[in-house]
Structure formats: structure tokens, C-alpha cells
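Structure file start07.txt with compact mmCIF, C-alpha atoms:
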# COMPACT_ATOMS: atom_id res chain seq x y z
CA MET I 25 -101.65 205.13 -9.11
CA ASN I 26 -98.42 204.06 -10.87
CA ASN I 27 -97.53 200.90 -12.80
CA SER I 28 -94.20 199.20 -13.30
CA CYS I 29 -92.47 198.51 -16.62
CA SER I 30 -92.58 194.83 -17.61
CA ARG I 31 -89.00 195.01 -19.01
CA CYS I 32 -86.93 197.06 -16.50
CA LYS I 33 -89.42 197.14 -13.54
CA ALA I 34 -89.07 200.93 -13.25
CA ILE I 35 -92.09 202.73 -11.79
CA VAL I 36 -94.02 204.56 -14.51
CA LYS I 37 -97.01 206.91 -14.40
CA ASN I 38 -100.41 205.32 -14.98
CA GLN I 39 -101.07 207.28 -18.19
CA ALA I 40 -97.57 206.71 -19.62
CA LYS I 41 -97.45 205.03 -23.02
CA PHE I 42 -93.69 204.36 -22.80
CA CYS I 43 -91.35 203.54 -19.95
CA THR I 44 -89.33 206.69 -19.22
CA ASN I 45 -86.34 204.58 -18.13
CA CYS I 46 -85.90 202.02 -20.96
CA GLY I 47 -88.34 203.21 -23.68
CA ASN I 48 -90.38 199.99 -23.58
CA SER I 49 -93.83 200.42 -25.20
CA LEU I 50 -96.49 199.92 -22.53
CA LYS I 51 -99.26 199.83 -25.19
CA LYS I 52 -98.25 196.33 -26.25
CA THR I 53 -100.01 194.83 -23.25
CA ASN I 54 -103.29 196.52 -24.29
CA LEU I 55 -102.91 195.26 -27.85
CA GLU I 56 -102.29 191.72 -26.62
CA THR I 57 -105.37 191.91 -24.37
CA ARG I 58 -107.50 193.18 -27.26
CA THR I 59 -106.26 190.49 -29.64
CA SER I 60 -106.81 187.79 -27.04
CA SER I 61 -110.39 189.04 -26.39
CA LEU I 62 -111.10 189.17 -30.13
CA ASN I 63 -109.88 185.59 -30.55
CA ILE I 64 -112.08 184.45 -27.66
CA ILE I 65 -115.15 186.25 -29.10
CA ILE I 66 -114.65 184.68 -32.54
CA VAL I 67 -114.04 181.19 -31.09
CA PHE I 68 -117.09 181.60 -28.80
CA TYR I 69 -119.30 182.49 -31.77
CA ALA I 70 -117.89 179.74 -34.01
CA VAL I 71 -118.49 177.14 -31.28
CA PHE I 72 -122.10 178.26 -30.86
CA LEU I 73 -122.68 178.25 -34.62
CA LEU I 74 -121.42 174.67 -34.74
CA PHE I 75 -123.57 173.79 -31.73
CA ALA I 76 -126.63 175.34 -33.43
CA VAL I 77 -126.03 173.30 -36.60
CA VAL I 78 -125.63 170.02 -34.69
CA SER I 79 -128.74 170.82 -32.58
CA TYR I 80 -130.75 171.61 -35.72
CA PHE I 81 -129.96 168.24 -37.27
CA LEU I 82 -130.60 166.37 -34.02
CA TYR I 83 -133.98 168.11 -33.55
CA SER I 84 -134.88 167.33 -37.18
CA GLU I 85 -133.90 163.69 -36.80
CA TYR I 86 -135.48 163.18 -33.35
CA PRO I 87 -138.31 165.75 -33.00
CA THR I 88 -139.99 163.89 -30.13
CA ASN I 89 -137.14 162.57 -28.02
CA ILE I 90 -136.82 164.08 -24.56
CA ASN I 91 -133.35 162.53 -24.01
CA ILE I 92 -132.01 164.38 -27.07
CA GLU I 93 -133.58 167.62 -25.82
CA ILE I 94 -132.04 167.17 -22.37
CA ALA I 95 -128.65 166.35 -23.94
CA ILE I 96 -128.72 169.45 -26.20
CA GLU I 97 -129.73 171.76 -23.34
CA SER I 98 -127.06 170.24 -21.08
CA VAL I 99 -124.33 170.69 -23.72
CA PHE I 100 -125.40 174.31 -24.19
CA ALA I 101 -125.25 174.91 -20.43
CA LEU I 102 -121.83 173.22 -20.19
CA LEU I 103 -120.44 175.28 -23.10
CA VAL I 104 -121.63 178.52 -21.52
CA VAL I 105 -120.23 177.61 -18.10
CA GLY I 106 -116.98 176.42 -19.73
CA PHE I 107 -116.44 179.73 -21.53
CA SER I 108 -117.39 181.64 -18.38
CA LEU I 109 -114.58 179.93 -16.47
CA VAL I 110 -112.14 181.89 -18.70
CA ASP I 111 -113.38 185.04 -16.96
CA PHE I 112 -114.53 183.52 -13.66
CA LYS I 113 -113.83 186.56 -11.45
CA GLY I 114 -115.47 189.01 -13.86
CA ILE I 115 -118.55 186.82 -14.17
CA LEU I 116 -118.86 186.15 -10.44
CA LYS I 117 -119.19 189.90 -9.74
CA LEU I 118 -122.32 189.98 -11.92
CA TYR I 119 -124.11 187.55 -9.60
CA LYS I 120 -123.97 189.85 -6.59
CA LEU I 121 -127.50 190.67 -5.47
CA PRO I 122 -128.33 194.20 -6.67
CA ILE I 123 -129.61 197.01 -4.47
CA ILE I 124 -133.36 196.96 -4.98
CA ASP I 125 -134.69 200.09 -6.64
CA TRP I 126 -138.49 200.29 -7.09
CA LYS I 127 -138.20 201.91 -10.55
CA ILE I 128 -136.15 199.08 -12.04
CA LEU I 129 -138.28 196.55 -10.18
CA ILE I 130 -141.48 197.90 -11.82
CA PHE I 131 -139.73 197.96 -15.18
CA THR I 132 -138.46 194.40 -14.70
CA VAL I 133 -142.06 193.19 -14.39
CA ALA I 134 -143.90 195.59 -16.74
CA PHE I 135 -141.53 195.50 -19.71
CA PRO I 136 -141.54 191.71 -20.32
CA VAL I 137 -145.35 191.63 -19.95
CA PHE I 138 -145.58 194.24 -22.72
CA SER I 139 -142.85 192.63 -24.87
CA ALA I 140 -144.28 189.10 -24.57
CA PHE I 141 -147.80 190.09 -25.70
CA THR I 142 -146.47 192.39 -28.46
CA VAL I 143 -144.05 189.80 -29.81
CA TYR I 144 -146.51 186.91 -29.59
CA PHE I 145 -149.36 188.65 -31.39
CA THR I 146 -147.38 190.65 -33.95
CA VAL I 147 -143.88 189.45 -34.79
CA GLU I 148 -144.54 185.71 -34.39
CA HIS I 149 -147.53 186.03 -36.70
CA ALA I 150 -145.47 188.03 -39.21
CA ASN I 151 -142.89 185.23 -39.07
CA SER I 152 -145.59 182.64 -39.59
CA PHE I 153 -147.15 184.64 -42.47
CA LEU I 154 -143.83 185.27 -44.26
CA PHE I 155 -142.14 181.94 -43.75
CA GLY I 156 -145.22 179.74 -43.41
CA SER I 157 -143.75 178.01 -40.37
CA VAL I 158 -146.08 175.27 -39.16
CA ASP I 159 -144.41 174.62 -35.80
CA GLU I 160 -145.11 177.99 -34.23
CA SER I 161 -146.37 176.57 -30.94
CA TYR I 162 -143.65 176.38 -28.27
CA TYR I 163 -145.95 174.43 -25.97
CA GLY I 164 -147.12 172.17 -28.83
CA GLY I 165 -143.60 170.84 -29.22
CA TYR I 166 -143.87 169.10 -25.82
CA VAL I 167 -147.38 167.61 -25.94
CA TYR I 168 -145.97 164.17 -26.73
CA LEU I 169 -144.63 164.10 -23.14
CA GLU I 170 -146.49 163.29 -19.95
CA HIS I 171 -146.21 166.74 -18.37
CA PRO I 172 -145.85 169.06 -21.39
CA LEU I 173 -146.27 172.32 -19.48
CA PHE I 174 -143.46 171.41 -17.07
CA TRP I 175 -141.02 170.62 -19.91
CA ALA I 176 -142.08 173.69 -21.92
CA ILE I 177 -141.48 175.96 -18.93
CA LEU I 178 -138.16 174.26 -18.10
CA PHE I 179 -136.73 174.41 -21.63
CA THR I 180 -138.22 177.75 -22.71
CA ALA I 181 -138.69 179.89 -19.62
CA ILE I 182 -136.08 178.67 -17.13
CA MET I 183 -132.99 177.37 -18.97
CA PRO I 184 -132.60 180.07 -21.69
CA PRO I 185 -132.77 183.09 -19.33
CA ILE I 186 -130.16 181.58 -17.01
CA PHE I 187 -127.65 180.45 -19.65
CA GLU I 188 -128.28 182.98 -22.43
CA GLU I 189 -127.90 185.88 -19.99
CA LEU I 190 -124.67 184.32 -18.68
CA ALA I 191 -123.42 183.81 -22.25
CA PHE I 192 -124.35 187.16 -23.80
CA ARG I 193 -124.74 189.74 -21.03
CA GLY I 194 -122.10 188.00 -18.91
CA PHE I 195 -119.22 186.39 -20.80
CA LEU I 196 -119.57 188.09 -24.21
CA PHE I 197 -120.30 191.50 -22.65
CA ASN I 198 -117.14 191.31 -20.51
CA GLN I 199 -114.97 190.30 -23.50
CA LEU I 200 -116.39 193.01 -25.78
CA GLN I 201 -115.82 195.62 -23.07
CA LYS I 202 -112.08 194.98 -23.51
CA VAL I 203 -112.17 195.98 -27.19
CA ALA I 204 -115.00 198.53 -27.33
CA SER I 205 -116.69 201.30 -25.37
CA GLU I 206 -119.67 200.59 -23.08
CA ASN I 207 -122.33 201.78 -25.57
CA VAL I 208 -120.77 199.87 -28.48
CA THR I 209 -120.60 196.76 -26.27
CA ILE I 210 -124.35 197.03 -25.56
CA ILE I 211 -125.10 197.31 -29.30
CA ALA I 212 -122.71 194.49 -30.26
CA THR I 213 -124.01 192.00 -27.64
CA ALA I 214 -127.62 192.79 -28.65
CA PHE I 215 -126.73 192.20 -32.30
CA ILE I 216 -124.96 188.89 -31.64
CA PHE I 217 -127.79 187.81 -29.29
CA ALA I 218 -130.26 188.51 -32.14
CA LEU I 219 -128.06 186.71 -34.69
CA VAL I 220 -127.89 183.45 -32.75
CA HIS I 221 -131.68 183.19 -32.80
CA PHE I 222 -131.25 182.33 -36.50
CA SER I 223 -134.23 184.35 -37.73
CA PHE I 224 -133.52 187.56 -39.62
CA ILE I 225 -137.11 188.81 -39.31
CA SER I 226 -136.87 188.35 -35.53
CA LEU I 227 -133.95 190.80 -35.49
CA ILE I 228 -136.69 193.46 -35.48
CA TRP I 229 -137.71 192.59 -31.92
CA ILE I 230 -134.75 190.63 -30.52
CA LEU I 231 -132.34 193.48 -31.24
CA PRO I 232 -134.25 196.11 -29.17
CA PHE I 233 -134.92 193.45 -26.50
CA GLY I 234 -131.18 192.73 -26.33
CA LEU I 235 -130.38 196.45 -26.26
CA ILE I 236 -132.60 196.92 -23.20
CA LEU I 237 -131.13 193.88 -21.42
CA GLY I 238 -127.61 195.10 -22.25
CA TYR I 239 -128.35 198.61 -21.00
CA ILE I 240 -129.72 197.25 -17.69
CA ARG I 241 -126.70 194.94 -17.28
CA SER I 242 -124.39 197.88 -17.94
CA LYS I 243 -126.20 200.31 -15.64
CA TYR I 244 -126.73 197.97 -12.67
CA ASN I 245 -123.72 195.69 -13.24
CA THR I 246 -125.77 192.58 -12.51
CA LEU I 247 -127.30 189.71 -14.48
CA TRP I 248 -130.28 189.27 -12.14
CA TYR I 249 -132.60 191.88 -13.71
CA GLY I 250 -131.87 190.48 -17.19
CA ILE I 251 -132.57 186.91 -16.05
CA VAL I 252 -135.90 187.94 -14.48
CA ILE I 253 -136.98 190.01 -17.53
CA HIS I 254 -136.00 187.19 -19.90
CA PHE I 255 -137.81 184.64 -17.69
CA ILE I 256 -141.06 186.65 -17.44
CA HIS I 257 -141.06 187.28 -21.22
CA ASN I 258 -140.55 183.61 -22.12
CA PHE I 259 -142.92 182.40 -19.38
CA ILE I 260 -145.77 184.62 -20.62
CA VAL I 261 -145.18 183.47 -24.22
CA ILE I 262 -145.42 179.85 -23.06
CA MET I 263 -148.58 180.52 -21.04
CA ILE I 264 -150.28 182.30 -23.98
CA ASP I 265 -149.25 179.36 -26.16
CA TYR I 266 -150.65 176.90 -23.58
CA TYR I 267 -153.93 178.79 -23.41
CA ILE I 268 -154.30 179.05 -27.20
CA TYR I 269 -153.30 175.41 -27.72
CA ASN I 270 -155.84 174.13 -25.23
CA THR I 271 -158.60 176.53 -26.29
CA TYR I 272 -158.35 176.40 -30.08
CA PHE I 273 -156.12 173.56 -31.30
CA LEU I 274 -157.83 170.86 -29.25
CA GLU I 275 -161.28 172.04 -30.36
CA LEU I 276 -160.34 171.60 -34.04
CA MET D 24 -89.48 238.60 -13.94
CA GLU D 25 -86.18 237.60 -15.53
CA ASN D 26 -85.93 234.68 -13.06
CA GLU D 27 -89.44 233.44 -13.98
CA ILE D 28 -88.57 233.45 -17.70
CA SER D 29 -85.37 231.55 -17.14
CA ILE D 30 -87.23 228.87 -15.07
CA GLU D 31 -89.88 228.48 -17.82
CA THR D 32 -87.32 228.01 -20.58
CA LYS D 33 -85.40 225.40 -18.56
CA GLU D 34 -88.44 223.06 -18.12
CA PRO D 35 -87.57 220.08 -20.33
CA THR D 36 -89.98 218.96 -23.04
CA CYS D 37 -89.83 216.18 -25.63
CA SER D 38 -88.23 217.34 -28.91
CA ILE D 39 -90.80 215.36 -30.94
CA CYS D 40 -94.21 215.71 -29.22
CA LYS D 41 -93.45 218.59 -26.79
CA THR D 42 -94.74 216.63 -23.77
CA ALA D 43 -93.32 217.91 -20.46
CA MET D 44 -90.58 215.63 -19.09
CA ASP D 45 -88.94 215.27 -15.68
CA THR D 46 -85.21 215.94 -15.58
CA GLU D 47 -84.36 212.33 -14.68
CA GLU D 48 -86.47 210.82 -17.48
CA ILE D 49 -84.48 209.36 -20.42
CA TYR D 50 -87.44 208.53 -22.69
CA CYS D 51 -90.61 210.55 -23.36
CA SER D 52 -93.60 208.87 -21.69
CA GLU D 53 -95.93 209.90 -24.53
CA CYS D 54 -94.03 209.04 -27.76
CA GLY D 55 -91.04 207.07 -26.47
CA PHE D 56 -88.41 209.45 -27.96
CA PRO D 57 -84.97 208.90 -26.29
CA GLU D 58 -84.45 212.54 -25.30
CA LYS D 59 -81.27 211.64 -23.40
CA GLY D 60 -80.46 208.53 -25.43
CA THR D 61 -77.54 207.76 -27.74
CA ASP D 62 -77.49 208.58 -31.48
CA LYS D 63 -78.14 204.92 -32.20
CA GLU D 64 -81.26 204.93 -29.99
CA VAL D 65 -82.53 208.10 -31.71
CA ALA D 66 -82.01 206.48 -35.14
CA GLN D 67 -83.83 203.34 -33.94
CA PHE D 68 -86.74 205.52 -32.72
CA HIS D 69 -87.12 207.19 -36.15
CA ALA D 70 -86.88 203.83 -37.96
CA ARG D 71 -89.53 202.34 -35.66
CA ARG D 72 -91.80 205.35 -36.22
CA ALA D 73 -91.52 205.04 -39.99
CA MET D 74 -92.38 201.34 -39.70
CA GLU D 75 -95.38 202.07 -37.46
CA ASN D 76 -96.62 204.67 -39.97
CA ASN D 77 -96.43 202.05 -42.71
CA GLN D 78 -98.29 199.54 -40.52
CA HIS D 79 -100.93 202.18 -39.77
CA MET D 80 -101.37 202.92 -43.47
CA ASP D 81 -101.57 199.18 -44.18
CA ALA D 82 -104.19 198.75 -41.45
CA ASP D 83 -106.21 201.64 -42.89
CA LYS D 84 -106.12 199.96 -46.31
CA LYS D 85 -107.36 196.67 -44.84
CA ILE D 86 -110.17 198.46 -43.00
CA LYS D 87 -111.13 200.20 -46.25
CA SER D 88 -111.16 196.84 -48.07
CA ALA D 89 -113.37 195.31 -45.35
CA ARG D 90 -115.71 198.32 -45.60
CA ASN D 91 -115.94 197.81 -49.38
CA VAL D 92 -116.67 194.10 -48.84
CA LEU D 93 -119.58 195.05 -46.56
CA TYR D 94 -120.94 197.48 -49.18
CA VAL D 95 -120.57 194.85 -51.92
CA MET D 96 -122.38 192.31 -49.72
CA ALA D 97 -125.18 194.85 -49.15
CA GLY D 98 -125.51 195.40 -52.91
CA ILE D 99 -125.43 191.68 -53.80
CA THR D 100 -127.94 190.79 -51.07
CA LEU D 101 -130.40 193.52 -52.08
CA VAL D 102 -130.14 192.79 -55.82
CA PHE D 103 -130.50 189.03 -55.24
CA GLY D 104 -133.60 189.61 -53.07
CA ILE D 105 -135.25 191.82 -55.71
CA ILE D 106 -134.43 189.45 -58.61
CA SER D 107 -135.63 186.47 -56.59
CA PHE D 108 -138.89 188.26 -55.77
CA PHE D 109 -139.62 189.06 -59.41
CA ASN D 110 -138.78 185.52 -60.52
CA ASN D 111 -140.49 183.49 -57.77
CA GLN D 112 -142.82 186.03 -56.08
CA ASP D 113 -141.20 184.95 -52.79
CA ILE D 114 -141.88 187.72 -50.28
CA ALA D 115 -139.93 185.89 -47.52
CA VAL D 116 -136.67 185.97 -49.52
CA LEU D 117 -137.25 189.63 -50.39
CA VAL D 118 -137.88 190.68 -46.75
CA THR D 119 -134.90 188.64 -45.47
CA ASN D 120 -132.56 190.05 -48.11
CA VAL D 121 -133.72 193.64 -47.58
CA ILE D 122 -133.11 193.28 -43.81
CA LEU D 123 -129.68 191.73 -44.44
CA GLY D 124 -128.77 194.32 -47.08
CA VAL D 125 -129.71 197.21 -44.80
CA ILE D 126 -127.65 195.68 -41.94
CA TYR D 127 -124.57 195.25 -44.19
CA LEU D 128 -125.02 198.83 -45.40
CA ALA D 129 -125.32 200.16 -41.84
CA LEU D 130 -122.27 198.16 -40.70
CA GLY D 131 -120.27 199.38 -43.71
CA SER D 132 -121.12 202.96 -42.88
CA TRP D 133 -120.33 202.38 -39.17
CA THR D 134 -116.77 201.27 -40.05
CA SER D 135 -115.76 204.92 -40.41
CA GLN D 136 -116.50 205.49 -36.69
CA LYS D 137 -116.12 202.06 -35.05
CA PRO D 138 -114.26 199.86 -37.55
CA LEU D 139 -113.36 197.09 -35.11
CA VAL D 140 -116.88 196.26 -33.90
CA ALA D 141 -118.57 197.07 -37.25
CA ILE D 142 -116.32 194.67 -39.20
CA LEU D 143 -116.49 192.03 -36.43
CA LEU D 144 -120.31 192.10 -36.54
CA GLY D 145 -120.19 192.01 -40.35
CA LEU D 146 -117.99 188.91 -40.19
CA LEU D 147 -120.29 187.16 -37.68
CA LEU D 148 -123.35 188.09 -39.73
CA TYR D 149 -121.75 186.69 -42.88
CA LEU D 150 -120.77 183.43 -41.14
CA THR D 151 -124.31 183.06 -39.79
CA THR D 152 -125.81 183.66 -43.25
CA VAL D 153 -123.51 181.03 -44.79
CA ILE D 154 -124.45 178.50 -42.09
CA ILE D 155 -128.22 179.17 -42.34
CA SER D 156 -128.04 178.84 -46.14
CA ALA D 157 -126.09 175.59 -45.77
CA ILE D 158 -128.71 174.20 -43.37
CA LEU D 159 -131.57 175.07 -45.74
CA LEU D 160 -129.72 174.14 -48.95
CA PRO D 161 -126.55 172.09 -48.19
CA GLU D 162 -125.20 172.53 -51.75
CA THR D 163 -124.79 176.32 -51.13
CA LEU D 164 -121.88 175.58 -48.76
CA ILE D 165 -119.65 174.49 -51.67
CA LYS D 166 -121.12 176.95 -54.18
CA GLY D 167 -118.81 179.95 -54.53
CA ILE D 168 -116.50 178.59 -51.81
CA ILE D 169 -113.53 180.69 -53.06
CA PHE D 170 -115.66 183.82 -53.03
CA LYS D 171 -116.75 183.00 -49.46
CA ILE D 172 -113.17 182.41 -48.29
CA ILE D 173 -112.09 185.74 -49.83
CA ILE D 174 -114.91 187.60 -48.04
CA ILE D 175 -114.07 185.95 -44.70
CA ALA D 176 -110.35 186.70 -45.19
CA TYR D 177 -110.98 190.37 -45.98
CA LEU D 178 -113.32 190.80 -43.02
CA GLY D 179 -110.96 188.88 -40.70
CA LYS D 180 -107.98 191.02 -41.74
CA GLY D 181 -110.11 194.12 -41.26
CA VAL D 182 -111.02 193.11 -37.69
CA TYR D 183 -107.42 192.48 -36.58
CA SER D 184 -106.12 195.60 -38.39
CA ALA D 185 -108.73 197.74 -36.66
CA SER D 186 -107.72 196.15 -33.36
CA SER D 187 -104.02 196.86 -33.95
CA ILE D 188 -104.56 200.59 -34.46
CA LYS D 189 -107.28 200.78 -31.76
CA LYS D 190 -109.81 202.87 -33.70

What would you get if you wrote out this structure as C-alpha cells?
Amino acid sequence: MNNSCSRCKAIVKNQAKFCTNCGNSLKKTNLETRTSSLNIIIVFYAVFLLFAVVSYFLYSEYPTNINIEIAIESVFALLVVGFSLVDFKGILKLYKLPIIDWKILIFTVAFPVFSAFTVYFTVEHANSFLFGSVDESYYGGYVYLEHPLFWAILFTAIMPPIFEELAFRGFLFNQLQKVASENVTIIATAFIFALVHFSFISLIWILPFGLILGYIRSKYNTLWYGIVIHFIHNFIVIMIDYYIYNTYFLEL
Amino acid sequence: MENEISIETKEPTCSICKTAMDTEEIYCSECGFPEKGTDKEVAQFHARRAMENNQHMDADKKIKSARNVLYVMAGITLVFGIISFFNNQDIAVLVTNVILGVIYLALGSWTSQKPLVAILLGLLLYLTTVIISAILLPETLIKGIIFKIIIIAYLGKGVYSASSIKK
């Protein structure tokens, strides 16, 4: 397949670095694409850092206000969708239903079951031991509401898998692919995904979790497996939390 | 046999990079040398090459500076964590700083293979650390602001330099 020179419109070979008719450098276009992708990645991250700071202060100021929670989650969803519109075609391809393969299907169910129990009973406790965090219960944060389990599932198990997968394995993955190789993109998205969770000790488990989600997204070219894995993981964590809260906390 | 030799010697190649060229091609598709160009075009090619070499060397210097910044950050973070632990017996600060220090060290070392992504991740990690510190202790945002700007500038320059030479 041949391309044409942007300056003189002469037909040039696909691998050509210079136009053989006018000497125009064809690499410039690649450099511009890379710079543009880098700018987008940095802006994307800066926006989410700012969003995280604002959310932190709002949560601190209004810890039991469902309207604030809904507003924060809606802004996050809008930001993710807004950025995704920059690469609408590239993102849309990732929502095609994948060909069902029993191996990945078993993995999609088994892995998050394992990761949820491991993380809940080891890393979360290490976090609690090291940092003395008192608000370790995800479910407990919603008990001031009428249907706490519904809100906990909505804001922990449903919303994050949909929008975090779109943000990190969708938008960010596509942008990083333009400046790095496939393997480096998987590592970089996993690292950034771990960073935005704002807990350096959690890097220990979020990084490998992100690596696996990135690998699956890369191999199957779909976001669906990642969304399901992320959902099952978060859902199990919420259900363990619900069970422990109702069994132990209420007895005390 | 004589005919074959004469055909081989007539096949045009670029005088600079020896890439095979078609007879109707004016410029080399690999290095852009104006094989059939005017003297002025040849002179412009050599001038442009010299300039690109300088830019490449400049980019390498900026990548090296960014790598050094990552190593310095690793050192500072580790030393601060250890000192803080001995002064306040705070295991959380020690564990956090050891994790951060190791990451900076790993990213610094990775810059020799993948400078673009390694420096980019270093920059994002640094920004996140500054923001988390500012949330926990707002006064840290202003503390050492010049030092912070210098680190961000070095890492930022490193990212775009690595991008320009596509390492």
C-alpha cells in the first residue's frame, strides 16, 4: 500500500521516510501525532488529578450527602465520556461483542473471585494496619441511606468498572499506543490506573490487577472482559463488606 | 557474465546511506539525500543533517537530565523515609517512601530502554505525590515550590525530547 506526499502529492512507498520527488520528510506527521497524544495524556491526567482533589474536599465536607456523591460520580462519567469523544471511532471498536472463548470466560469469573478475597483479607488489612484508616468499610459509607446496599453496589461495583475501564483501558490505552509499543502501553496504563487510586501501598495489588486487565484488553481488543472482571471483583468486595458489617459491626 | 556485472554496477544507490533507488527518484526515500538535486539542495541537506544531529544530542542530554532527576528523587525519598522512621517511628511513612523510592529508581533505570514512557510515568508519579502531600498537609504545596517547578520542568523536557527522537 502506498501513501501520498502531503507537500507535492506524489505517490510514495509505505515505508518511505522521505518523498522521493520533493524530499519532504514524511516522519513529521508521526512526530506531530506523538506530540499530540502526549499532550492529551498529560491533560487527561492533570484533569483527573484536579477532579480527585475537588472530590476529596467535597467528600470531607459532606461525608453523608447522596446528592454530592451523585454529582461527583456524574462529573467523573461526563469527563471520561468527554475525553473518549476525542477518539470516538477507536473507542467504539472496543465495544464490539467479543467472540466467546470458554478459557477467557472461566478466567473472567475465577480471577476476580480470587483477587477480591485476597485483596480484602490481606492488602486492605495491611492498609488499615499501616495507615490506621478508620473508614475501611465500603458498605459502611452508605448506611446513612435508606437502601445502603443498592447505593454501595451502584457506586462501587457498577459505575467504576464501566467508566474506569473506558478511561484507562479505552481512551488512555489508545493514546499510549500511539507513543509506545503494546507491552509498554499495558505497563503504563496499569501504572497510571494504580496511581489514580491515591494509595501507594495499594500499588502492590492494583498494578498487577491493571496489568492483567490491560493484557486482556490488548489480546481480545475489547473492554467487555475488563468491565466484567472489574465488576465481579468490586461486587464481591462489597458483599464481603456487607456480610462483615451486618455480622460483626452491628453486634458490637 | 560481463553483462551481469555491468547491470549490477548500474543499479543506482544513495550516496549517503546506500539505499537502492529507482532511476526516476530524485531524493532518497530513506535519508532524503537529493541524489539528483542541485548543489544548493545538497548543501541544504548537509546543513539540515548537522542541525538534526545537534538536536539529537540536545535531546539525549535532556533525557539524561530527566534520568538523573528520577535517581535524585529516589535517593531523597528513601533517605527522607528512613530519617522520618528513626525520628517518629512512623512505619507508614517508611513503607510509602520505600515503595516510592523503588519506583523512581526503577523508572530511572528504565529510561535507558524506554525513555519516553519511563519519564512520562515519573512525571505523573511526581505530580501525584505533590498533590497527595498538599491534600494531607496544604503547606507542603508552597514549600520548596522552586525545587518542584525545576523537577517538573526537567521531567517535562525529558518527555518531549524522548518523543522527538522516538526512542

Distance in Å - atom CA of Ile186 of chain I versus atom CA of Ile251 of chain I
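Answer for the atom CA of Ile186 of chain I to atom CA of Ile251 of chain I separation: 5.9 Å.
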
Of I:Tyr69, I:Tyr166, I:Tyr269, I:Phe153, the one sitting nearest Pro87 of chain I when using all atoms listed in the file is I:Tyr166

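For the pair atom CA of Ile128 of chain I and atom CA of Tyr249 of chain I, the separation is 8.2 Å.
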
Atom CA of Tyr144 of chain I to atom CA of Leu235 of chain I, distance in Å rounded to a single decimal:
19.0 Å

Any idea what's packed within 12 Å of Ser107 of chain D, counting all atoms listed in the file, ignoring anything in its chain fewer than 3 positions away? Could you give it as a PyMOL selection string?
chain D and resi 99-104+110-121

Pull out every residue of chain D that has at least one atom within 7 Å of chain I, counting only C-alpha atoms, and report them as a list in words.
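So the residues of chain D near chain I are Glu48, Ile49, Tyr50, Cys51, Ser52, Glu53, Cys54, Gly55, Ile114, Ala115, Thr119, Ser186 and Ser187 of chain D.
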